[in-house]
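All remarks here apply to the structure that follows.
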Amino acid sequence: MALKAFLIKYGEIGIKGKNRYLFEDALLSQIRFALRDVEGKFSVSKEQGRIYVEAQGEYDYEETIAALKRVFGIVGICPVLQIEDKGFEDLAEQILDYIRQIDPDPARTFKVHARRARKNYPMDSMTINCELGERILREFPKMRVDVHQPQFNLYVEIRKQIHIYSETIPGCGGMPVGTNGKAMLLLSGGIDSPVAGWMVAKRGVQIEATYFHAPPYTSERAKQKVVDLAVLVARYAGPIRLHIVNFTDIQLYIYDQCPHEELTIIMRRYMMRIAERIAKESNALGLITGESIGQVASQTIQSLYATNEVCKMPVFRPVIGFDKLEIIEIAKKIQTYETSIQPFEDCCTIFVAKHPVTKPSLKVIQRSEEKLQEKIEAMVDLAVSGREIVVCK
């Protein structure tokens, strides 16, 4: 059956009250953007609390579904048969033909859900349910009515046109990107940070990202790996500006001046400082990290406290309470996992101490950083001003 339209269902947007239209318009914009590279032409519109995507001619069905499943804000995608209102007899015949094409020999329990949005239709919703149910039972003797747990749900919406559908393909939920400000993601080549960025973007936050590159200790392939991860996250979050910061000189300076067991914490503190500075330049209102409590030495409660102390912006850590298997499950779902496990080291792993401190004292860390005062500010200025920006989409 050649279905040319989709009913788009949303979740939280429906409870936004008088501001709902702003979220609906943002969702329409995101849908249009997602379909931009799909084969075919589409119109996207809203009508009485419903959003519709209609193909204008030939199109790629599977590619369209895949694109819509990546749009935050969509909870369900319903392929719809649209017909003109030519009276109830024609509607009943169209529905019987619809069922035949879905299942030539149906033997399932079913329920009809009629909704009469156009109140001048001569039959009310309950009457439509009963009349269509009777026609279905007469035409398909093996089918049975079950109003509690039906195997087959038939939805009929009577509007300017009549919409018939029976399938709801799950979307990824959340809120349309751009409805909740902007934040800066500290993106590494690991598993956790792309997942963290995806999770915050799902709440409607626009994402930019900062990556700390350390040539020649990290290769160009490690850098490309991070660009590839940003592209994968951008499939959901929209275009991502990736700020690539050369961190080599800063790392070497910290390595020379500070106790080696404190290297990870002090480097992390300067990464946060730099990311926050770039975030302010980009009008972002928060930072995002992939930190999870206790996963590594720099992610104990004491270490996170010491790291967080340098930031004035809020720091969002959406995977903070997840274990590694839970993070991996999401990474596989959003297709970043295979890229994340490619064996190219990032700048953190190169400079990890043999015995890093796991319960750092903030006062001790601050005293160690005093040894950096002679050069560190100029080095940070140079790193920020000399960063490379790549738009990933």
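Just so we're on the same page: first chain in the structure tokens is A, next is B, and so on; residues restart at 1 for each chain, and ligands are numbered from 1 in the order they show up.
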
Set out as a Markdown table a contact list for segment 283-353 of chain A and segment 362-372 of chain A with a cut-off of 10 Å, giving each residue of segment 283-353 of chain A that qualifies its closest atom pair and distance in Å to one decimal, counting only C-alpha atoms, ordered by chain and rising residue number.
| residue | atom | partner | partner_atom | distance |
| --- | --- | --- | --- | --- |
| A:Gln302 | CA | A:Leu362 | CA | 8.5 |
| A:Ser303 | CA | A:Leu362 | CA | 8.7 |
| A:Tyr305 | CA | A:Leu362 | CA | 8.0 |
| A:Ala306 | CA | A:Leu362 | CA | 5.4 |
| A:Thr307 | CA | A:Leu362 | CA | 8.9 |
| A:Glu309 | CA | A:Leu362 | CA | 8.4 |

The selected residues should be written to file as a CSV table (one decimal), in the first residue's frame (atoms: N, CA, C and O atoms).
chain,number,residue,atom,x,y,z
A,302,GLN,N,35.1,13.4,45.1
A,302,GLN,CA,36.1,14.4,45.5
A,302,GLN,C,36.7,15.0,44.2
A,302,GLN,O,37.0,16.3,44.2
A,303,SER,N,37.0,14.2,43.2
A,303,SER,CA,37.6,14.7,42.0
A,303,SER,C,36.6,15.7,41.3
A,303,SER,O,37.0,16.7,40.7
A,305,TYR,N,34.3,17.4,42.6
A,305,TYR,CA,34.2,18.7,43.4
A,305,TYR,C,35.4,19.6,43.0
A,305,TYR,O,35.2,20.8,42.8
A,306,ALA,N,36.6,19.0,42.9
A,306,ALA,CA,37.8,19.8,42.6
A,306,ALA,C,37.7,20.3,41.2
A,306,ALA,O,38.1,21.5,40.9
A,307,THR,N,37.1,19.5,40.3
A,307,THR,CA,37.0,20.0,38.9
A,307,THR,C,35.9,21.1,38.7
A,307,THR,O,36.1,22.1,38.0
A,309,GLU,N,34.9,23.3,40.7
A,309,GLU,CA,35.2,24.5,41.4
A,309,GLU,C,35.6,25.6,40.5
A,309,GLU,O,35.4,26.8,40.8

| Every residue of segment 102-325 of chain A that DSSP places in helix (DSSP H, G or I), as a PyMOL selection string | chain A and resi 102+125-139+192-201+220-237+248-257+260-281+297-299+301-308+324-325

Same residues, C-alpha atoms, output as a short mmCIF file (atom, residue, chain, number, x, y, z; two decimals), in the first residue's frame:
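As a result, selection.cif now contains:
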data_model
loop_
_atom_site.label_atom_id
_atom_site.label_comp_id
_atom_site.auth_asym_id
_atom_site.auth_seq_id
_atom_site.Cartn_x
_atom_site.Cartn_y
_atom_site.Cartn_z
CA ILE A 102 -2.28 -5.11 5.65
CA SER A 125 -17.74 8.69 17.13
CA MET A 126 -19.48 5.88 19.00
CA THR A 127 -21.81 5.15 16.09
CA ILE A 128 -18.86 5.10 13.68
CA ASN A 129 -17.04 2.63 15.96
CA CYS A 130 -20.06 0.30 16.08
CA GLU A 131 -20.89 0.49 12.37
CA LEU A 132 -17.29 -0.07 11.24
CA GLY A 133 -16.84 -2.88 13.77
CA GLU A 134 -19.92 -4.61 12.39
CA ARG A 135 -18.68 -4.30 8.79
CA ILE A 136 -15.27 -5.68 9.76
CA LEU A 137 -16.77 -8.69 11.58
CA ARG A 138 -19.03 -9.41 8.62
CA GLU A 139 -16.16 -9.23 6.12
CA ASP A 192 30.36 8.56 27.40
CA SER A 193 30.52 12.14 26.11
CA PRO A 194 28.59 11.57 22.82
CA VAL A 195 25.85 9.89 24.86
CA ALA A 196 25.81 12.83 27.29
CA GLY A 197 25.49 15.31 24.42
CA TRP A 198 22.67 13.29 22.86
CA MET A 199 20.80 13.13 26.16
CA VAL A 200 20.94 16.89 26.76
CA ALA A 201 20.04 17.64 23.13
CA GLU A 220 44.97 13.11 13.13
CA ARG A 221 42.95 9.89 13.12
CA ALA A 222 42.03 10.53 16.77
CA LYS A 223 40.87 14.01 15.78
CA GLN A 224 38.87 12.65 12.84
CA LYS A 225 37.26 10.12 15.19
CA VAL A 226 35.88 12.98 17.30
CA VAL A 227 34.65 14.80 14.19
CA ASP A 228 32.89 11.57 13.14
CA LEU A 229 31.27 11.31 16.59
CA ALA A 230 30.06 14.90 16.36
CA VAL A 231 28.52 14.13 12.96
CA LEU A 232 26.69 11.12 14.43
CA VAL A 233 25.29 13.19 17.31
CA ALA A 234 24.38 15.94 14.83
CA ARG A 235 22.02 13.53 13.07
CA TYR A 236 19.76 14.04 16.10
CA ALA A 237 20.91 17.40 17.49
CA THR A 248 49.67 20.08 23.89
CA ASP A 249 51.67 22.97 25.32
CA ILE A 250 49.35 23.34 28.29
CA GLN A 251 49.56 19.64 29.08
CA LEU A 252 53.35 19.60 28.85
CA TYR A 253 53.59 22.67 31.06
CA ILE A 254 51.36 21.07 33.70
CA TYR A 255 53.37 17.86 33.39
CA ASP A 256 56.61 19.75 34.06
CA GLN A 257 55.36 21.92 36.93
CA HIS A 260 52.17 13.74 38.48
CA GLU A 261 49.49 12.16 40.64
CA GLU A 262 47.52 15.42 40.25
CA LEU A 263 47.95 15.72 36.48
CA THR A 264 44.51 14.43 35.51
CA ILE A 265 42.64 16.73 37.89
CA ILE A 266 44.63 19.85 36.99
CA MET A 267 44.39 19.17 33.26
CA ARG A 268 40.67 18.59 33.66
CA ARG A 269 40.30 21.89 35.52
CA TYR A 270 41.97 23.76 32.64
CA MET A 271 39.79 21.97 30.11
CA MET A 272 36.73 23.16 32.01
CA ARG A 273 38.09 26.71 32.17
CA ILE A 274 38.75 26.77 28.42
CA ALA A 275 35.41 25.14 27.53
CA GLU A 276 33.57 27.67 29.70
CA ARG A 277 35.40 30.55 28.03
CA ILE A 278 34.49 29.28 24.56
CA ALA A 279 30.93 28.65 25.75
CA LYS A 280 30.58 32.29 26.80
CA GLU A 281 31.84 33.44 23.40
CA ALA A 297 40.00 8.43 39.14
CA SER A 298 38.94 11.85 37.89
CA GLN A 299 35.27 11.02 38.43
CA ILE A 301 32.98 12.71 44.17
CA GLN A 302 36.13 14.41 45.49
CA SER A 303 37.59 14.74 41.99
CA LEU A 304 34.34 16.11 40.56
CA TYR A 305 34.22 18.66 43.39
CA ALA A 306 37.75 19.81 42.59
CA THR A 307 37.00 19.98 38.86
CA ASN A 308 33.70 21.78 39.26
CA LYS A 324 29.13 1.57 31.82
CA LEU A 325 26.74 -1.04 30.40
#

| field | Spatial neighbours of segment 330-343 of chain A, 6 Å, only C-alpha atoms, chain gap at least 6 places, as a ChimeraX atom specification | value | /A:189-191,195

| said: With distances taken over only C-alpha atoms, which residue among A:Tyr217, A:Phe6, A:Tyr121, A:Phe322 lies nearest Pro79 of chain A? | reply: A:Phe6

| message | List as a list in words the protein and nucleic acid residues near segment 167-169 of chain A, meaning an atom at most 9 Å away when only C-alpha atoms are counted, but skip any in the same chain fewer than 2 places from it. | response |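 Listed by chain and then number, they are Lys9, Ile65, Lys69, Val75, Gly76, Ile77, Cys78, Pro79, Val80, Phe152, Asn153, Leu154, Tyr155, Tyr165 and Gly171 of chain A.
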
| Any idea what the distance is between atom CA of Arg159 of chain A and atom CA of Phe72 of chain A? | 26.6 Å

| field | strand (DSSP E or B) per DSSP on the backbone: members of segment 52-135 of chain A, as a list in words | value |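 So, restricting segment 52-135 of chain A to strand (DSSP E or B), we get Tyr52, Val53, Glu54, Ala55, Ile74, Val75, Gly76, Ile77, Cys78, Pro79, Val80, Leu81, Gln82, Ile83, Thr109, Phe110, Lys111, Val112, His113, Ala114, Arg115 and Arg116 of chain A.
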
| said: Just the number, please: distance in Å from atom CA of Phe344 of chain A to atom CA of Phe247 of chain A, one decimal. | reply: 16.7 Å

| query | With only C-alpha atoms as the basis for distance, which of A:Asp105, A:Asn19, A:Phe88, A:Leu3 is at the shortest distance from Glu58 of chain A? | reply |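 Nearest candidate to Glu58 of chain A out of A:Asp105, A:Asn19, A:Phe88, A:Leu3: A:Leu3.
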
| said: Just to confirm, what's the straight-line distance from atom CA of Phe33 of chain A to atom CA of Val156 of chain A in Å (one decimal)? | reply: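 Calculated distance between atom CA of Phe33 of chain A and atom CA of Val156 of chain A is 29.0 Å.
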
| remark: Nearest to Ser385 of chain A, restricted to only C-alpha atoms and choosing among A:Gly174, A:Val245, A:Gln151, A:Lys202, comes out as A:Val245

| field | Counting only C-alpha atoms, the option among A:Val380, A:Leu7, A:Ile162, A:Val71 closest to Arg32 of chain A | value |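 For Arg32 of chain A, the nearest of the candidates is A:Val71.
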
| field | A:Ile244, A:Ala2, A:Val205, A:Val296 ranked by distance to Val357 of chain A, top pick (using only C-alpha atoms) | value | A:Val296

Residues within 8 Å of Ala209 of chain A, please, as a compact mmCIF listing (two decimals) with N, CA and C atoms, in the first residue's frame. Count only C-alpha atoms; anything in the same chain fewer than 5 positions from it doesn't count.
# COMPACT_ATOMS: atom_id res chain seq x y z
N MET A 184 27.57 23.79 25.92
CA MET A 184 28.85 23.36 25.32
C MET A 184 29.21 21.98 25.84
N LEU A 185 29.36 21.03 24.94
CA LEU A 185 29.73 19.66 25.27
C LEU A 185 31.24 19.50 25.21
N LEU A 186 31.83 18.93 26.29
CA LEU A 186 33.24 18.54 26.24
C LEU A 186 33.28 17.15 25.61
N LEU A 187 33.63 17.12 24.34
CA LEU A 187 33.55 15.90 23.55
C LEU A 187 34.92 15.26 23.42
N ALA A 230 30.89 13.70 16.39
CA ALA A 230 30.06 14.90 16.36
C ALA A 230 29.04 14.83 15.22
N ILE A 240 26.44 20.83 14.56
CA ILE A 240 27.23 21.09 15.77
C ILE A 240 28.53 21.79 15.37
N ARG A 241 28.77 22.95 15.97
CA ARG A 241 30.07 23.63 15.81
C ARG A 241 31.05 22.99 16.78
N LEU A 242 32.07 22.34 16.23
CA LEU A 242 33.08 21.66 17.04
C LEU A 242 34.33 22.53 17.13
N HIS A 243 34.68 22.95 18.35
CA HIS A 243 35.86 23.77 18.59
C HIS A 243 37.02 22.84 18.96
